[in-house]
Each structure stands twice: as structure tokens, then as C-alpha cells.
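> I have a structure I would like to understand better, so I am pasting it below and will then ask my questions one at a time.
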Amino acid sequence: MESALVSGLQGLVLGILNLTPNHVIMLLVASTLLYLGIKKGYEPLLLVPIGFGAILVNIPLADMMGKEGFLRFFYDAGVLTEVFPLLIFVGIGAMTDFQPLLENPKIILLGAAGQFGIFLTLLLALAVGFDKLDAVAVSIIGACDGPTAIYVSSKFAPHMLGAVSVAAYSYMSLVPLIQPPIMRALTTEKERVIVMGIVKQPVSKTTKIVFPIVVTIFASILAPKGAPLIGTVMLGNLMKESGVVDRLKSASENEITNIVTLLLGLCIGATMEADKFLRGQTLLVLALGFIAISLDTAVGVLFGKAMCLLTGGKINPLIGAAGISAFPMSARVVQAEGQKYNKKSYLLMHAMSANAGGQIGSVIAAAVMLSVLQGMGIVGG
Amino acid sequence: MDTWTFGWTLALIGMTGTMLVLWILSLLILLLKKIFPYQESAPKKG
């Protein structure tokens with residue numbers, strides 16, 4: 001009886017006995033993510049489940065990511081198979097209005113320039129010693145697009161999924177702080193006050209319906225490995241624009257996206273086990289992620305300057321900063337920055353065009369990257 | 001393939017490819033707008 005009591009009591013203290021300093025650090029990191037999400041409002045839909053998942057996985061002996069762990073089940077079913085990010089893409093497509101882009105298609109080029117940070121960061125990641133595929137996973141933070149970053153990193157470097165995802169979502173939420181200094185540094189006051197004319201080119205409903213079909217066929221043929229990314233975004237958009245499957249559209253942008261966001265967030269948090277996350281490499285990933293988004297902004301603004309020059313000063317280079325995928329936050333940053341220098345300047349619609357271009361651009365950049373990797377024989381066909 | 005050949009190849013083709021695909025997409029959008037032009041809905045009679 002006495003030994004049974006001692007054994008029973010031991011069961012209650014085993015967790016404490018197995019608690020290491022690394023667990024404590026990770027519990028603090030997880031709490032910080034929860035604080036940022038709840039108190040500061042930084043991407044709460046993702047940071048709250050990520051933070052909580054990180055708490056669960058760092059409870060000693062709970063074995064949440066063990067063979068029988070419940071987080072392992074969702075991770076294997078949704079992240080390893082890449083299904084979760086793809087389902088989120090359907091929701092994103094259903095929520096995105098490409099009208100501003102369709103009205104002013106040349107602005108889509110800013111959405112390409114806004115992805116250059118991906119490729120420049122790839123070179124930096126290789127320079128600091130990352131393996132080829134690890135460098136690809138880090139560089140994709142520059143897509144400034146959470147699901148794309150998760151899709152690519154879970155494919156090529158699942159061991160870095162936690163760090164890459166946390167970096168991607170954290171920096172996306174910090175876009176209003178990261179972008180303005182870069183925009184100011186790279187533009188002159190004369191450029192910042194440019195007033196852009198109103199582009200009034202109404203788009204027919206048929207064009208809006210045909211657009212996602214054409215993009216899927218054309219872009220997927222050019223970059224077949226990216227077909228799942230492009231196809232899911234455009235499927236969502238087709239459901240929105242066709243207007244005949246309101247229930248599916250509504251489910252995609254609400255129930256499906258909400259459930260998958262919750263499970264995806266928990267799974268990302270579950271990859272943040274102390275022994276995997278507390279490495280020097282994680283700090284490098286965070287640093288490179290910051291550089292990637294800064295480079296995206298810088299190249300976007302510089303491309304905007306080139307367009308300004310080529311159009312005889314008709315384009316305000318500030319809108320180049322919106323050529324990233326953080327929609328519509330980046331467009332709002334551009335509008336606010338433009339208004340600071342010229343109260344008569346309304347850049348929002350132009351910036352929205354660039355921002356929608358950035359959304360397509362990030363998916364296309366990832367698709368191109370995957371297809372080039374396949375062409376180079378780095379990944380299988 | 002050595003690291004730098006890999007890096008520069010992926011970076012150059014990636015940037016050029018992304019720009020090219022999006023440029024062609026912008027042309028396709030213009031083409032779609034030509035094929036399916038916007039038409040003001042006619043006011044209802046009566």
C-alpha cells in the first residue's frame with residue numbers, strides 16, 4: 001500500500017522532474033506569441049493557435065507529437081500532405097477581389113518585383129551556410145504569404161516549418177512598421193507627392209469569371225509544380241466570381257478556412273519543440289525573413305521608380321511597396337504614407353492593384369521556383 | 001551541382017520567370033477585356 005502511494009505520487013511529479021530550462025524558454029516564447037496575438041492584435045488568428053500549440057508540445061511527457069499524439073495526427077494528415085495550406089488558398093481565393101488588378105493590369109508587374117526578395121534571400125541563405133533546400137524554405141518567407149511559406153517549407157524542409165511560419169506571420173503583421181522607412185529611404189519627396197490619375201476601366205462579369213480559369217491553365221502549364229497553389233487560389237476565386245455556388249464560396253471563406261486555420265496553427269506550434277526550435281539556425285531564419293521582406297519592399301519601390309521614369313512621372317513609386325502578398329495591409333500602408341506627403345493623393349486603389357498583383361505574384365514565384373527545382377533535378381517530378 | 005551554381009541559376013531563372021509569367025498574364029487580361037468588353041446594362045423600359 002505504502003509503495004503504491006509513493007508510485008502514485010511520483011506520477012504527479014514526473015512532469016516537473018522532466019522540465020528542462022529549454023522547456024521553460026519555449027513556454028516563454030509561446031506565451032510571447034500569445035501576448036502578441038491577444039494583446040497586440042498581431043495576426044491573432046494564427047499566433048493564438050501557434051502559441052498554444054507550442055505550449056502543448058513543450059509540456060514534458062505529454063508527447064503531443066509522439067506516434068499516438070493528437071497533434072501528430074493533424075500534422076501528418078494536413079501538413080505533411082500539404083492539404084492544410086492548399087485549403088487555406090481556396091479560402092483566400094474566395095475572399096480576394098481581383099477587380100483592381102483587372103482594371104489596371106500593367107500594375108501586376110509590381111507584384112513580380114515584390115517577389116525578388118525571395119530569390120535574393122535565397123543567395124544570402126546559401127551564403128550563410130544553409131543547405132540548398134533549407135535555403136529555399138527560408139527564402140520563401142519573402143513571399144510574404146503564410147500559406148505559401150508553409151506549403152514550400154513543409155515540402156522541402158519540414159524540420160524548419162515552425163521557424164519559417166512564425167517568421168512569415170510575424171513579419172507580415174509588422175509590415176506597417178517595416179515598410180515605411182524603406183519607402184522613405186528610396187524615394188524623393190517629389191516622387192512621394194505624385195498624384196496618380198483615376199483608372200476607370202470597368203471590367204465585365206465574363207472577364208472576371210474567365211480570369212481564374214485562364215490563369216490556372218496558363219500558369220500551371222508554364223509552372224506545373226505550382227499547379228496546386230495556383231489552382232486552389234483560382235478555384236476559390238472562380239466560386240466567388242461565378243456567383244452560382246454561394247454555399248461553397250461561403251464555406252470556403254468561413255468554415256473551412258476557420259477550421260483549417262485553427263488546426264494549421266496548432267500544427268505549426270507543435271513543430272516548435274524545444275530541442276528542434278532552440279537552435280542558432282532559428283535566429284538566422286528570423287533574421288533572413290526580415291531581410292527577405294525588406295528586400296521585397298525595396299525592389300518593389302525601385303521598380304515603381306523605374307515605372308515612374310518610363311511613364312513620365314505618372315506612377316507614384318510608393319505603390320511599388322504594395323507589390324507583396326500582405327493583402328490589403330500593404331496597400332493601406334502605401335495610402336497612409338502617400339497621404340502624409342500629399343493630402344490630395346489617393347493611392348489606395350492603385351496600391352490595391354499592386355497588392356492583388358503581389359498575391360498572384362507570390363504564388364507564381366513559388367510555382368516558378370518549384371518548377372525550376374524540378375527542372376534542375378533537385379526535387380523529383 | 002555546386003551551391004553557387006544552384007543559387008544563381010534559381011535566382012536568375014526565378015526572377016526572370018516570375019516577371020515573364022506575370023507580364024504575359026497582364027497581356028492576357030488585356031486580351032480578355034477586349035474579347036469580353038464591359039457593357040453598361042441597358043436601363044429598364046417602362
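Lettering and numbering for the C-alpha cells are positional, with chains as A, B, ... in the shown order, residues counted from 1 in each chain, and ligands counted from 1 in the shown order.
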Where does chain B meet chain A within 7 Å, residue by residue, with the nearest atom pair and distance in Å to one decimal for each, counting only C-alpha atoms, listed by chain and rising number, as CSV?

```
residue,atom,partner,partner_atom,distance
B:Thr3,CA,A:Lys132,CA,6.9
B:Gly7,CA,A:Leu123,CA,5.7
B:Leu10,CA,A:Val372,CA,6.7
B:Ala11,CA,A:Phe119,CA,4.8
B:Gly14,CA,A:Met369,CA,5.8
B:Met15,CA,A:Phe116,CA,6.1
B:Gly17,CA,A:Val368,CA,6.5
B:Thr18,CA,A:Ala365,CA,5.3
B:Met19,CA,A:Ala112,CA,5.2
B:Leu22,CA,A:Leu109,CA,6.3
B:Trp23,CA,A:Leu109,CA,6.3
B:Ser26,CA,A:Pro105,CA,5.0
B:Ile29,CA,A:Leu102,CA,6.5
B:Leu32,CA,A:Thr207,CA,5.9
B:Lys33,CA,A:Thr207,CA,6.3
B:Phe36,CA,A:Thr207,CA,5.9
B:Pro37,CA,A:Ser204,CA,6.0
B:Tyr38,CA,A:Ser204,CA,4.2
B:Gln39,CA,A:Ser204,CA,7.0
```
> Grab the residues selected above and save them as a PDB file, in the first residue's frame with N, CA and C atoms.

```pdb
ATOM      1  N   THR B   3      26.832  24.712 -54.824  1.00  0.00           N
ATOM      2  CA  THR B   3      25.864  25.590 -54.170  1.00  0.00           C
ATOM      3  C   THR B   3      25.617  26.882 -54.938  1.00  0.00           C
ATOM      4  N   GLY B   7      22.334  28.363 -56.603  1.00  0.00           N
ATOM      5  CA  GLY B   7      21.737  29.609 -56.119  1.00  0.00           C
ATOM      6  C   GLY B   7      21.502  30.628 -57.221  1.00  0.00           C
ATOM      7  N   LEU B  10      18.841  29.402 -59.813  1.00  0.00           N
ATOM      8  CA  LEU B  10      17.463  29.502 -59.313  1.00  0.00           C
ATOM      9  C   LEU B  10      17.041  30.968 -59.185  1.00  0.00           C
ATOM     10  N   ALA B  11      17.963  31.807 -58.712  1.00  0.00           N
ATOM     11  CA  ALA B  11      17.618  33.223 -58.522  1.00  0.00           C
ATOM     12  C   ALA B  11      17.331  33.898 -59.868  1.00  0.00           C
ATOM     13  N   GLY B  14      14.353  32.265 -61.601  1.00  0.00           N
ATOM     14  CA  GLY B  14      13.176  32.545 -60.781  1.00  0.00           C
ATOM     15  C   GLY B  14      12.671  33.965 -60.975  1.00  0.00           C
ATOM     16  N   MET B  15      13.590  34.928 -60.915  1.00  0.00           N
ATOM     17  CA  MET B  15      13.174  36.336 -61.071  1.00  0.00           C
ATOM     18  C   MET B  15      12.673  36.597 -62.484  1.00  0.00           C
ATOM     19  N   GLY B  17      11.612  34.383 -64.659  1.00  0.00           N
ATOM     20  CA  GLY B  17      10.403  33.595 -64.910  1.00  0.00           C
ATOM     21  C   GLY B  17       9.173  34.235 -64.289  1.00  0.00           C
ATOM     22  N   THR B  18       9.305  34.693 -63.044  1.00  0.00           N
ATOM     23  CA  THR B  18       8.162  35.319 -62.367  1.00  0.00           C
ATOM     24  C   THR B  18       7.720  36.566 -63.129  1.00  0.00           C
ATOM     25  N   MET B  19       8.698  37.382 -63.502  1.00  0.00           N
ATOM     26  CA  MET B  19       8.390  38.627 -64.224  1.00  0.00           C
ATOM     27  C   MET B  19       7.716  38.305 -65.567  1.00  0.00           C
ATOM     28  N   LEU B  22       4.101  36.943 -65.163  1.00  0.00           N
ATOM     29  CA  LEU B  22       3.144  37.992 -64.795  1.00  0.00           C
ATOM     30  C   LEU B  22       2.939  38.998 -65.932  1.00  0.00           C
ATOM     31  N   TRP B  23       3.985  39.243 -66.702  1.00  0.00           N
ATOM     32  CA  TRP B  23       3.839  40.152 -67.849  1.00  0.00           C
ATOM     33  C   TRP B  23       2.875  39.538 -68.869  1.00  0.00           C
ATOM     34  N   SER B  26      -0.565  39.873 -67.702  1.00  0.00           N
ATOM     35  CA  SER B  26      -1.142  41.215 -67.904  1.00  0.00           C
ATOM     36  C   SER B  26      -1.644  41.357 -69.343  1.00  0.00           C
ATOM     37  N   ILE B  29      -4.895  39.505 -69.611  1.00  0.00           N
ATOM     38  CA  ILE B  29      -6.012  40.274 -69.035  1.00  0.00           C
ATOM     39  C   ILE B  29      -6.516  41.294 -70.062  1.00  0.00           C
ATOM     40  N   LEU B  32      -8.507  39.452 -72.591  1.00  0.00           N
ATOM     41  CA  LEU B  32      -9.832  39.080 -72.061  1.00  0.00           C
ATOM     42  C   LEU B  32     -10.773  40.276 -72.081  1.00  0.00           C
ATOM     43  N   LYS B  33     -10.215  41.445 -71.739  1.00  0.00           N
ATOM     44  CA  LYS B  33     -11.065  42.644 -71.707  1.00  0.00           C
ATOM     45  C   LYS B  33     -11.511  43.045 -73.107  1.00  0.00           C
ATOM     46  N   PHE B  36     -14.184  40.210 -74.010  1.00  0.00           N
ATOM     47  CA  PHE B  36     -15.425  40.357 -73.227  1.00  0.00           C
ATOM     48  C   PHE B  36     -15.525  41.780 -72.678  1.00  0.00           C
ATOM     49  N   PRO B  37     -15.798  42.741 -73.548  1.00  0.00           N
ATOM     50  CA  PRO B  37     -15.821  44.133 -73.085  1.00  0.00           C
ATOM     51  C   PRO B  37     -16.967  44.392 -72.110  1.00  0.00           C
ATOM     52  N   TYR B  38     -16.747  45.392 -71.288  1.00  0.00           N
ATOM     53  CA  TYR B  38     -17.789  45.776 -70.330  1.00  0.00           C
ATOM     54  C   TYR B  38     -18.910  46.492 -71.075  1.00  0.00           C
ATOM     55  N   GLN B  39     -20.126  46.110 -70.770  1.00  0.00           N
ATOM     56  CA  GLN B  39     -21.261  46.800 -71.389  1.00  0.00           C
ATOM     57  C   GLN B  39     -22.182  47.302 -70.301  1.00  0.00           C
TER      58      GLN B  39
END
```
> Run DSSP on the backbone and give me the residues of chain B it puts in helix (DSSP H, G or I), as a PyMOL selection string.
chain B and resi 3-35
> In Å to one decimal, how far is CA of Glu191 in chain A from CA of Asn342 in chain A?
10.6 Å
> Let me make sure I understand: among A:Ser173, A:Thr261, A:Ser242, A:Thr311, which one has the smallest atom-to-atom distance to Ser330 in chain A if we use only C-alpha atoms?
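The answer is A:Ser173, which sits nearest to Ser330 in chain A.
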> Find the residues near range 15-31 of chain A: any atom within 12 Å, counting only C-alpha atoms, skip ones fewer than 2 places away on the same chain, and give them as number ranges by chain.
A: 9-13, 33-39, 47-63, 162-163, 166, 266, 268-279
> Output the selection as a CSV table (one decimal), in the first residue's frame - N, CA and C atoms for each residue.

```csv
chain,number,residue,atom,x,y,z
A,9,LEU,N,2.2,9.1,-6.3
A,9,LEU,CA,2.6,10.5,-6.1
A,9,LEU,C,3.8,10.8,-7.1
A,10,GLN,N,4.6,9.8,-7.4
A,10,GLN,CA,5.7,10.0,-8.3
A,10,GLN,C,5.1,10.4,-9.7
A,11,GLY,N,4.0,9.8,-10.0
A,11,GLY,CA,3.4,10.1,-11.3
A,11,GLY,C,3.0,11.6,-11.4
A,12,LEU,N,2.7,12.2,-10.3
A,12,LEU,CA,2.3,13.6,-10.3
A,12,LEU,C,3.5,14.5,-10.4
A,13,VAL,N,4.7,14.1,-10.0
A,13,VAL,CA,5.8,15.0,-10.1
A,13,VAL,C,6.8,14.7,-11.3
A,33,LEU,N,4.1,34.7,-28.0
A,33,LEU,CA,3.3,34.7,-29.3
A,33,LEU,C,1.9,34.9,-28.9
A,34,LEU,N,1.4,34.3,-27.8
A,34,LEU,CA,0.0,34.5,-27.4
A,34,LEU,C,-0.2,36.0,-27.0
A,35,TYR,N,0.8,36.6,-26.3
A,35,TYR,CA,0.7,38.0,-26.0
A,35,TYR,C,0.6,38.9,-27.2
A,36,LEU,N,1.5,38.6,-28.2
A,36,LEU,CA,1.4,39.4,-29.5
A,36,LEU,C,0.1,39.3,-30.2
A,37,GLY,N,-0.4,38.0,-30.2
A,37,GLY,CA,-1.7,37.8,-30.8
A,37,GLY,C,-2.9,38.4,-30.1
A,38,ILE,N,-2.9,38.2,-28.8
A,38,ILE,CA,-4.1,38.7,-28.0
A,38,ILE,C,-4.0,40.1,-27.6
A,39,LYS,N,-2.9,40.6,-27.1
A,39,LYS,CA,-2.8,41.9,-26.6
A,39,LYS,C,-2.5,42.9,-27.7
A,47,LEU,N,-1.4,33.4,-34.6
A,47,LEU,CA,-0.5,33.4,-33.5
A,47,LEU,C,-1.1,32.8,-32.2
A,48,VAL,N,-2.4,32.9,-32.0
A,48,VAL,CA,-3.0,32.2,-30.8
A,48,VAL,C,-2.9,30.7,-30.9
A,49,PRO,N,-3.4,30.1,-32.0
A,49,PRO,CA,-3.2,28.6,-32.1
A,49,PRO,C,-1.7,28.2,-32.2
A,50,ILE,N,-0.9,29.0,-32.8
A,50,ILE,CA,0.5,28.6,-32.9
A,50,ILE,C,1.1,28.6,-31.5
A,51,GLY,N,0.8,29.7,-30.8
A,51,GLY,CA,1.4,29.9,-29.4
A,51,GLY,C,0.9,28.7,-28.5
A,52,PHE,N,-0.4,28.4,-28.6
A,52,PHE,CA,-1.0,27.4,-27.8
A,52,PHE,C,-0.4,26.0,-28.1
A,53,GLY,N,-0.3,25.8,-29.5
A,53,GLY,CA,0.4,24.5,-29.9
A,53,GLY,C,1.8,24.4,-29.4
A,54,ALA,N,2.5,25.5,-29.3
A,54,ALA,CA,3.9,25.5,-28.8
A,54,ALA,C,3.9,25.2,-27.3
A,55,ILE,N,2.9,25.6,-26.6
A,55,ILE,CA,2.8,25.3,-25.2
A,55,ILE,C,2.5,23.8,-25.0
A,56,LEU,N,1.6,23.3,-25.8
A,56,LEU,CA,1.2,21.9,-25.6
A,56,LEU,C,2.4,20.9,-25.9
A,57,VAL,N,3.2,21.3,-26.9
A,57,VAL,CA,4.2,20.4,-27.4
A,57,VAL,C,5.4,20.5,-26.4
A,58,ASN,N,5.5,21.5,-25.6
A,58,ASN,CA,6.6,21.6,-24.7
A,58,ASN,C,6.3,21.3,-23.3
A,59,ILE,N,5.2,20.6,-23.1
A,59,ILE,CA,4.8,20.0,-21.8
A,59,ILE,C,5.6,18.7,-21.7
A,60,PRO,N,6.5,18.5,-20.7
A,60,PRO,CA,7.2,17.3,-20.6
A,60,PRO,C,6.3,16.1,-20.5
A,61,LEU,N,6.7,15.0,-21.2
A,61,LEU,CA,6.0,13.7,-21.2
A,61,LEU,C,4.6,13.7,-21.8
A,62,ALA,N,4.1,14.9,-22.2
A,62,ALA,CA,2.7,14.9,-22.8
A,62,ALA,C,2.7,14.2,-24.1
A,63,ASP,N,3.9,14.3,-24.8
A,63,ASP,CA,4.1,13.5,-26.0
A,63,ASP,C,3.0,13.8,-27.1
A,162,GLY,N,8.3,25.4,-38.2
A,162,GLY,CA,8.0,26.3,-37.1
A,162,GLY,C,8.6,27.6,-37.3
A,163,ALA,N,9.9,27.6,-37.4
A,163,ALA,CA,10.7,28.9,-37.5
A,163,ALA,C,10.2,29.7,-38.7
A,166,VAL,N,6.5,31.0,-38.2
A,166,VAL,CA,6.5,32.1,-37.2
A,166,VAL,C,7.1,33.4,-37.8
A,266,LEU,N,-2.2,25.1,-34.8
A,266,LEU,CA,-1.7,24.2,-33.7
A,266,LEU,C,-0.6,23.3,-34.2
A,268,ILE,N,1.6,24.1,-36.5
A,268,ILE,CA,2.9,24.8,-36.6
A,268,ILE,C,3.5,25.0,-35.2
A,269,GLY,N,2.6,25.3,-34.3
A,269,GLY,CA,3.1,25.4,-32.9
A,269,GLY,C,3.7,24.1,-32.4
A,270,ALA,N,3.1,23.0,-32.9
A,270,ALA,CA,3.6,21.7,-32.5
A,270,ALA,C,5.0,21.3,-33.0
A,271,THR,N,5.4,22.1,-34.1
A,271,THR,CA,6.8,21.9,-34.6
A,271,THR,C,7.8,22.6,-33.8
A,272,MET,N,7.3,23.4,-32.8
A,272,MET,CA,8.3,24.2,-32.0
A,272,MET,C,8.7,23.5,-30.7
A,273,GLU,N,9.1,22.3,-30.8
A,273,GLU,CA,9.6,21.6,-29.7
A,273,GLU,C,11.0,22.1,-29.3
A,274,ALA,N,11.2,22.2,-28.0
A,274,ALA,CA,12.5,22.9,-27.5
A,274,ALA,C,13.7,22.4,-28.3
A,275,ASP,N,13.9,21.1,-28.3
A,275,ASP,CA,15.2,20.6,-28.9
A,275,ASP,C,15.3,20.9,-30.4
A,276,LYS,N,14.2,21.2,-31.1
A,276,LYS,CA,14.2,21.5,-32.5
A,276,LYS,C,14.2,23.0,-32.8
A,277,PHE,N,13.6,23.8,-31.9
A,277,PHE,CA,13.5,25.2,-32.2
A,277,PHE,C,14.6,26.0,-31.6
A,278,LEU,N,15.1,25.6,-30.4
A,278,LEU,CA,16.1,26.4,-29.8
A,278,LEU,C,17.5,26.2,-30.4
A,279,ARG,N,17.7,26.7,-31.5
A,279,ARG,CA,19.0,26.5,-32.2
A,279,ARG,C,19.4,27.8,-32.8
```
> Could you give me, as a PyMOL selection string, the residues within 7 Å of Met172 in chain A, counting only C-alpha atoms and dropping anything in the same chain fewer than 3 positions from it?
chain A and resi 144+168-169+175+326
> To one decimal place, how far is CA of Pro85 in chain A from CA of Asp145 in chain A in Å?
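A separation of 10.6 Å between them.
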